[in-house]
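Trainee: Next comes data36.cif, mmCIF, C-alpha atoms and all ligand atoms:
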data_my_file
loop_
_atom_site.label_atom_id
_atom_site.label_comp_id
_atom_site.auth_asym_id
_atom_site.auth_seq_id
_atom_site.Cartn_x
_atom_site.Cartn_y
_atom_site.Cartn_z
CA MET A 1 -11.73 -5.47 -14.51
CA PRO A 2 -8.33 -5.76 -12.81
CA GLN A 3 -5.83 -7.84 -14.77
CA PRO A 4 -2.92 -9.79 -13.28
CA ARG A 5 0.24 -7.68 -13.58
CA GLN A 6 2.99 -10.23 -13.19
CA ALA A 7 4.39 -12.33 -15.95
CA ARG A 8 3.02 -15.74 -15.08
CA PRO A 9 5.60 -18.48 -14.58
CA ALA A 10 5.30 -21.94 -16.11
CA ALA A 11 1.86 -23.49 -15.70
CA ASP A 12 2.92 -25.89 -12.92
CA ALA A 13 4.74 -23.24 -10.81
CA PRO A 14 2.67 -21.75 -8.00
CA THR A 15 1.90 -18.09 -8.38
CA GLY A 16 0.20 -15.93 -5.84
CA LEU A 17 -1.75 -12.72 -6.01
CA PHE A 18 -0.44 -9.41 -4.82
CA ILE A 19 -2.85 -6.83 -3.42
CA ALA A 20 -1.78 -3.45 -2.03
CA PHE A 21 -3.85 -1.21 0.22
CA GLU A 22 -3.19 2.50 -0.06
CA GLY A 23 -4.64 5.67 1.38
CA GLY A 24 -3.99 8.69 3.56
CA GLU A 25 -3.86 8.85 7.33
CA GLY A 26 -6.80 7.32 9.19
CA ALA A 27 -8.30 5.66 6.11
CA GLY A 28 -8.65 2.34 7.95
CA LYS A 29 -6.23 0.32 5.84
CA SER A 30 -5.05 -2.04 8.55
CA THR A 31 -8.63 -2.85 9.63
CA GLN A 32 -9.57 -3.64 6.03
CA VAL A 33 -6.41 -5.66 5.38
CA HIS A 34 -7.19 -7.87 8.37
CA ARG A 35 -10.85 -8.28 7.45
CA LEU A 36 -9.94 -9.27 3.91
CA ALA A 37 -7.29 -11.69 5.18
CA GLN A 38 -9.86 -13.39 7.41
CA TRP A 39 -12.37 -13.67 4.56
CA LEU A 40 -9.75 -15.13 2.21
CA ARG A 41 -8.57 -17.64 4.83
CA GLU A 42 -12.17 -18.78 5.33
CA GLN A 43 -12.04 -19.72 1.66
CA ASP A 44 -8.85 -21.71 2.12
CA HIS A 45 -6.47 -19.22 0.57
CA GLU A 46 -2.95 -19.05 1.93
CA VAL A 47 -2.64 -15.39 2.99
CA VAL A 48 0.41 -13.36 3.96
CA VAL A 49 -0.27 -9.97 5.57
CA THR A 50 2.54 -7.47 5.45
CA PHE A 51 3.20 -3.71 5.48
CA GLU A 52 5.59 -0.87 4.69
CA PRO A 53 7.64 0.57 6.11
CA GLY A 54 9.15 -1.96 8.50
CA ASP A 55 8.26 -5.62 7.93
CA THR A 56 11.86 -6.89 7.72
CA LYS A 57 14.80 -6.69 10.11
CA LEU A 58 16.41 -3.84 8.17
CA GLY A 59 12.96 -2.34 7.61
CA ARG A 60 12.28 -2.11 11.36
CA ALA A 61 15.41 0.01 11.78
CA LEU A 62 14.50 2.13 8.75
CA ARG A 63 10.97 2.63 10.07
CA GLU A 64 12.34 4.00 13.34
CA VAL A 65 14.56 6.43 11.44
CA LEU A 66 11.84 7.45 9.00
CA LEU A 67 9.02 8.01 11.44
CA HIS A 68 10.50 8.65 14.87
CA LEU A 69 14.08 9.96 14.63
CA GLU A 70 14.53 12.99 16.89
CA GLY A 71 16.18 16.12 15.57
CA PRO A 72 16.11 17.62 12.08
CA ARG A 73 13.97 15.61 9.68
CA PRO A 74 15.73 13.75 6.85
CA THR A 75 15.97 15.73 3.62
CA PRO A 76 13.22 14.80 1.14
CA VAL A 77 15.68 12.92 -1.08
CA ALA A 78 17.11 10.97 1.87
CA GLU A 79 13.57 10.16 2.99
CA ALA A 80 12.64 8.88 -0.49
CA LEU A 81 15.75 6.69 -0.65
CA LEU A 82 15.09 5.22 2.80
CA PHE A 83 11.52 4.28 1.87
CA ALA A 84 12.92 2.73 -1.33
CA ALA A 85 15.49 0.75 0.66
CA ASP A 86 12.75 -0.57 2.94
CA ARG A 87 10.72 -1.58 -0.14
CA ALA A 88 13.63 -3.35 -1.85
CA GLU A 89 14.22 -5.44 1.27
CA HIS A 90 10.50 -6.08 1.73
CA VAL A 91 9.98 -7.28 -1.84
CA ALA A 92 13.04 -9.53 -1.85
CA ARG A 93 12.57 -11.08 1.59
CA VAL A 94 8.82 -11.15 2.14
CA VAL A 95 6.69 -10.45 -0.93
CA ARG A 96 8.41 -12.41 -3.71
CA PRO A 97 8.96 -15.58 -1.62
CA ALA A 98 5.31 -15.56 -0.53
CA LEU A 99 4.09 -15.06 -4.10
CA ALA A 100 6.37 -17.83 -5.30
CA ALA A 101 4.80 -20.11 -2.69
CA GLY A 102 1.36 -19.30 -4.13
CA ALA A 103 0.06 -17.04 -1.35
CA VAL A 104 -2.27 -14.09 -1.61
CA VAL A 105 -0.07 -11.27 -0.31
CA LEU A 106 -1.82 -8.27 1.24
CA THR A 107 0.42 -5.30 1.87
CA ASP A 108 -0.52 -2.23 3.88
CA ARG A 109 1.17 0.39 1.59
CA PHE A 110 3.48 -0.09 -1.39
CA SER A 111 4.97 1.97 -4.24
CA ASP A 112 1.95 4.27 -4.65
CA SER A 113 2.64 5.57 -1.11
CA SER A 114 6.10 6.78 -2.13
CA ILE A 115 4.77 8.28 -5.35
CA ALA A 116 2.02 10.13 -3.44
CA TYR A 117 3.95 11.18 -0.29
CA GLN A 118 7.49 11.74 -1.61
CA GLY A 119 6.73 12.36 -5.29
CA GLY A 120 3.53 14.42 -4.95
CA ALA A 121 3.33 15.86 -1.45
CA ARG A 122 7.09 16.44 -0.97
CA ARG A 123 7.27 17.54 -4.61
CA LEU A 124 10.17 15.30 -5.64
CA GLY A 125 8.26 14.43 -8.82
CA THR A 126 5.96 11.47 -9.31
CA ALA A 127 7.77 10.13 -12.42
CA ARG A 128 11.14 10.12 -10.66
CA ILE A 129 9.75 8.35 -7.57
CA ALA A 130 7.86 5.85 -9.74
CA GLU A 131 11.16 5.02 -11.43
CA LEU A 132 12.91 4.65 -8.08
CA ALA A 133 10.10 2.35 -6.87
CA SER A 134 10.36 0.27 -10.00
CA TRP A 135 14.10 -0.17 -9.42
CA ALA A 136 13.55 -1.06 -5.75
CA THR A 137 10.93 -3.69 -6.59
CA GLY A 138 12.55 -5.14 -9.70
CA GLY A 139 9.40 -4.07 -11.54
CA LEU A 140 6.97 -5.93 -9.27
CA ARG A 141 3.55 -4.30 -9.29
CA PRO A 142 0.42 -5.30 -7.40
CA ASP A 143 -2.22 -7.25 -9.28
CA LEU A 144 -4.64 -4.85 -7.61
CA THR A 145 -4.24 -1.68 -5.56
CA VAL A 146 -7.15 -0.85 -3.26
CA LEU A 147 -7.21 2.90 -2.60
CA LEU A 148 -9.20 3.76 0.52
CA ASP A 149 -10.07 7.36 -0.22
CA LEU A 150 -10.97 9.87 2.46
CA PRO A 151 -10.73 13.65 2.87
CA PRO A 152 -7.58 14.21 4.98
CA ARG A 153 -9.36 16.35 7.54
CA VAL A 154 -11.70 13.40 8.25
CA GLY A 155 -8.84 10.88 8.43
CA LEU A 156 -6.62 13.03 10.64
CA ALA A 157 -9.52 13.75 12.99
CA ARG A 158 -9.66 10.01 13.74
CA PHE A 159 -6.48 10.41 15.88
CA ALA A 160 -6.29 12.52 19.04
CA THR A 161 -2.63 13.37 18.39
CA PRO A 162 -0.26 12.67 15.47
CA HIS A 163 1.69 9.42 15.90
CA ASP A 164 4.71 10.21 13.74
CA ARG A 165 6.53 12.72 11.59
CA LEU A 166 4.49 12.24 8.42
CA GLU A 167 1.17 12.46 10.22
CA SER A 168 2.30 15.77 11.73
CA GLU A 169 2.61 17.44 8.31
CA PRO A 170 0.10 20.25 7.58
CA LEU A 171 -3.29 19.59 6.00
CA GLN A 172 -2.15 20.88 2.57
CA PHE A 173 0.53 18.15 2.53
CA HIS A 174 -2.14 15.51 3.10
CA ASP A 175 -4.36 17.11 0.44
CA ARG A 176 -1.50 16.68 -2.04
CA VAL A 177 -1.08 13.05 -0.92
CA ARG A 178 -4.76 12.41 -1.63
CA SER A 179 -4.71 14.07 -5.07
CA SER A 180 -1.63 12.07 -6.05
CA PHE A 181 -3.23 8.77 -4.99
CA LEU A 182 -6.36 9.63 -6.99
CA GLU A 183 -4.28 10.56 -10.04
CA LEU A 184 -2.44 7.23 -9.87
CA ALA A 185 -5.76 5.38 -9.71
CA ALA A 186 -7.21 7.40 -12.60
CA ALA A 187 -4.12 6.73 -14.74
CA ASP A 188 -4.39 2.97 -14.20
CA PRO A 189 -8.07 2.10 -13.67
CA ALA A 190 -7.52 -1.59 -14.51
CA GLY A 191 -5.05 -1.95 -11.65
CA HIS A 192 -6.81 0.18 -9.04
CA VAL A 193 -10.11 0.28 -7.25
CA VAL A 194 -11.05 3.44 -5.36
CA ILE A 195 -13.30 2.91 -2.34
CA ASP A 196 -14.97 5.61 -0.27
CA ALA A 197 -13.38 5.09 3.15
CA SER A 198 -15.81 7.43 4.91
CA ALA A 199 -18.47 4.70 4.70
CA GLU A 200 -19.14 2.23 7.54
CA VAL A 201 -16.38 -0.33 8.11
CA GLU A 202 -18.61 -3.22 6.96
CA GLN A 203 -19.66 -1.38 3.81
CA VAL A 204 -16.01 -0.68 2.95
CA ALA A 205 -15.16 -4.34 3.64
CA GLN A 206 -17.90 -5.46 1.24
CA ALA A 207 -16.61 -3.19 -1.50
CA VAL A 208 -13.08 -4.55 -0.97
CA ARG A 209 -14.34 -8.15 -1.14
CA ALA A 210 -16.24 -7.46 -4.36
CA ALA A 211 -13.09 -6.09 -6.02
CA VAL A 212 -10.98 -9.01 -4.81
CA GLU A 213 -13.59 -11.57 -5.87
CA ALA A 214 -13.40 -10.16 -9.40
CA LEU A 215 -9.62 -10.41 -9.30
CA LEU A 216 -9.70 -14.03 -8.07
CA HIS A 217 -12.21 -14.88 -10.76
CA ASP A 218 -9.89 -13.40 -13.44
CA ALA A 219 -6.90 -15.21 -11.99
CA ARG A 220 -8.72 -18.55 -12.31
CA GLN A 221 -9.33 -18.06 -16.03
CA PRO A 222 -6.90 -19.99 -18.26
CA LEU A 223 -4.41 -17.66 -19.95
P1 LIG B 1 2.29 3.89 9.49
O1 LIG B 1 2.41 3.98 10.96
O2 LIG B 1 2.60 2.62 8.83
O3 LIG B 1 0.89 4.41 9.21
P2 LIG B 1 -0.30 4.20 8.29
O4 LIG B 1 -1.31 3.54 9.16
O5 LIG B 1 -0.68 5.60 7.90
O6 LIG B 1 0.10 3.38 7.10
O7 LIG B 1 3.15 5.07 8.89
C1 LIG B 1 3.62 5.10 7.66
C2 LIG B 1 3.82 6.56 7.29
O8 LIG B 1 4.83 6.61 6.30
C3 LIG B 1 2.58 7.17 6.70
O9 LIG B 1 2.46 8.52 7.14
C4 LIG B 1 2.86 7.19 5.22
C5 LIG B 1 4.35 7.27 5.15
N1 LIG B 1 4.94 6.66 3.96
C6 LIG B 1 5.60 7.46 3.04
O10 LIG B 1 5.68 8.69 3.21
N2 LIG B 1 6.17 6.87 1.94
C7 LIG B 1 6.14 5.53 1.74
O11 LIG B 1 6.67 5.02 0.73
C8 LIG B 1 5.47 4.71 2.71
C9 LIG B 1 5.42 3.22 2.54
C10 LIG B 1 4.90 5.31 3.81
#
Mind converting the file's structure to structure tokens?
Mentor:
Amino acid sequence: MPQPRQARPAADAPTGLFIAFEGGEGAGKSTQVHRLAQWLREQDHEVVVTFEPGDTKLGRALREVLLHLEGPRPTPVAEALLFAADRAEHVARVVRPALAAGAVVLTDRFSDSSIAYQGGARRLGTARIAELASWATGGLRPDLTVLLDLPPRVGLARFATPHDRLESEPLQFHDRVRSSFLELAAADPAGHVVIDASAEVEQVAQAVRAAVEALLHDARQPL
């Protein structure tokens, strides 16, 4: 059963819930984020939907550089640092204020993406990138990470042409991304739920709701 990951503030201070969606290309994260947001709002939860990279002013500029800059691609280390910079800004300006206001925050990608793409697939080392992510976030971790798992050849086939630089990487790169995501989930089963993203959209949405219902139930229990 997922357990809340943040130190809880004083009993009268509002405290939200932080849920990250992760997965490879074409896993359907944004569809599922929006479905979950709608379901939560129907139950009167305050919901903030956000994403990485790019959901701040600085982040929008970084996103352009990271995904669409023409010319030679950034070196792997530069790429990792730029994703970390986006995350630091995102956590400080969007995620922490929303959590402090008591919202359920749904983010489309978070630290596991850097660990899987830069640490695993780019081979910078998962421990080093996890440490960088921890610095960037001030140690903030999701209460639950929903991994939408899909074979990369299935996910990539959902697009006619690659949209950006990362998507254009070869299949082996995306295979390494997938293995890294699965390793992260296996190493922290209490904080992750792995959902088969090749299923029908509604079936995936139901599995997501079941995991989040369990989390909400736990969060309501007195500490
Ligand atoms: P985006 O258009 O947001 O696509 P997606 O729908 O796949 O989330 O593109 C984000 C791309 O950036 C995606 O290929 C994954 C990659 N990425 C990293 O390599 N490291 C990271 O830390 C993050 C957040 C994303």
Trainee: Give the padded box for ligand LIG 1 (chain B) as lines of an AutoDock Vina configuration file: axis-aligned, covering all atoms listed in the file, 4 Å on each side, centre and edge lengths in Å to one decimal.
Mentor:
center_x = 2.7
center_y = 5.7
center_z = 5.8
size_x = 16.0
size_y = 14.1
size_z = 18.2
Trainee: Got a sec: who's within 12 Å of Ala157 of chain A, counting all atoms listed in the file, leaving out chain neighbours fewer than 2 positions off, as a PyMOL selection string?
Mentor: chain A and resi 25-27+150-155+159-162+167+171
Trainee: For each of A:Val47, A:Leu40, A:Leu82, A:Ala205, take the minimum atom-to-atom distance to Gly59 of chain A, counting all atoms listed in the file, then give the residue where this is smallest.
Mentor: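 Checking each candidate against Gly59 of chain A, we get A:Leu82 as the closest.
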Trainee: Within 10 Å of ligand LIG 1 (chain B), which residues show up when you count all atoms listed in the file? List them as an NGL selection string, please.
Mentor: :A and (21-31 or 51-54 or 63 or 66-67 or 76 or 79-87 or 107-119 or 121-122 or 129 or 133 or 155-156 or 162-169 or 174 or 177)
Trainee: Selected residues, C-alpha atoms, written as a compact mmCIF listing (two decimals), keeping the file's coordinate frame, please.
Mentor:
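Just written: result.txt:
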# COMPACT_ATOMS: atom_id res chain seq x y z
CA PHE A 21 -3.85 -1.21 0.22
CA GLU A 22 -3.19 2.50 -0.06
CA GLY A 23 -4.64 5.67 1.38
CA GLY A 24 -3.99 8.69 3.56
CA GLU A 25 -3.86 8.85 7.33
CA GLY A 26 -6.80 7.32 9.19
CA ALA A 27 -8.30 5.66 6.11
CA GLY A 28 -8.65 2.34 7.95
CA LYS A 29 -6.23 0.32 5.84
CA SER A 30 -5.05 -2.04 8.55
CA THR A 31 -8.63 -2.85 9.63
CA PHE A 51 3.20 -3.71 5.48
CA GLU A 52 5.59 -0.87 4.69
CA PRO A 53 7.64 0.57 6.11
CA GLY A 54 9.15 -1.96 8.50
CA ARG A 63 10.97 2.63 10.07
CA LEU A 66 11.84 7.45 9.00
CA LEU A 67 9.02 8.01 11.44
CA PRO A 76 13.22 14.80 1.14
CA GLU A 79 13.57 10.16 2.99
CA ALA A 80 12.64 8.88 -0.49
CA LEU A 81 15.75 6.69 -0.65
CA LEU A 82 15.09 5.22 2.80
CA PHE A 83 11.52 4.28 1.87
CA ALA A 84 12.92 2.73 -1.33
CA ALA A 85 15.49 0.75 0.66
CA ASP A 86 12.75 -0.57 2.94
CA ARG A 87 10.72 -1.58 -0.14
CA THR A 107 0.42 -5.30 1.87
CA ASP A 108 -0.52 -2.23 3.88
CA ARG A 109 1.17 0.39 1.59
CA PHE A 110 3.48 -0.09 -1.39
CA SER A 111 4.97 1.97 -4.24
CA ASP A 112 1.95 4.27 -4.65
CA SER A 113 2.64 5.57 -1.11
CA SER A 114 6.10 6.78 -2.13
CA ILE A 115 4.77 8.28 -5.35
CA ALA A 116 2.02 10.13 -3.44
CA TYR A 117 3.95 11.18 -0.29
CA GLN A 118 7.49 11.74 -1.61
CA GLY A 119 6.73 12.36 -5.29
CA ALA A 121 3.33 15.86 -1.45
CA ARG A 122 7.09 16.44 -0.97
CA ILE A 129 9.75 8.35 -7.57
CA ALA A 133 10.10 2.35 -6.87
CA GLY A 155 -8.84 10.88 8.43
CA LEU A 156 -6.62 13.03 10.64
CA PRO A 162 -0.26 12.67 15.47
CA HIS A 163 1.69 9.42 15.90
CA ASP A 164 4.71 10.21 13.74
CA ARG A 165 6.53 12.72 11.59
CA LEU A 166 4.49 12.24 8.42
CA GLU A 167 1.17 12.46 10.22
CA SER A 168 2.30 15.77 11.73
CA GLU A 169 2.61 17.44 8.31
CA HIS A 174 -2.14 15.51 3.10
CA VAL A 177 -1.08 13.05 -0.92
Trainee: Atom CA of Glu183 of chain A and atom CA of Trp39 of chain A, how far apart in Å?
Mentor: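 Spanning atom CA of Trp39 of chain A to atom CA of Glu183 of chain A is a straight-line distance of 29.4 Å.
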Trainee: Distance atom CA of Val91 of chain A-atom CA of Val212 of chain A, one decimal place?
Mentor: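 Distance reported for this atom pair: 21.2 Å.
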Trainee: Between A:Leu124, A:Leu62, A:Val204, A:Val104, which has the minimum distance to Thr15 of chain A (counting all atoms listed in the file)?
Mentor: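 Once distances to Thr15 of chain A are computed over all atoms listed in the file, the minimum belongs to A:Val104.
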Trainee: For atom CA of Arg96 of chain A and atom CA of His217 of chain A, determine how far apart the two atoms are, in Å to one decimal place.
Mentor: 21.9 Å
Trainee: Identify the residues around (5.5, -13.1, 5.3) within a radius of 7 Å, measuring from all atoms listed in the file in the coordinates stated by the file, and give them as number ranges by chain.
Mentor: A: 48-50, 94-95, 98
Trainee: Would you mind telling me which residue in A:Glu89, A:Glu200, A:Asp218, A:Asp44 lies nearest to Thr56 of chain A when using all atoms listed in the file?
Mentor: A:Glu89
Trainee: Go through A:Leu17, A:Ala211, A:Ala187, A:Val193 and flag the residue nearest Ala101 of chain A, using all atoms listed in the file for the distances.
Mentor: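 Among the listed residues, the smallest separation from Ala101 of chain A belongs to A:Leu17.
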Trainee: Nearest residue to Val146 of chain A out of A:His192, A:Arg158, A:Arg93, A:Arg73, using all atoms listed in the file?
Mentor: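 Looking at the shortest contact to Val146 of chain A, the residue is A:His192.
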Trainee: Restricting the calculation to all atoms listed in the file, which member of A:Gln221, A:Thr126, A:Thr75, A:Thr137 is positioned closest to Ala88 of chain A?
Mentor: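 Result for the nearest residue to Ala88 of chain A: A:Thr137.
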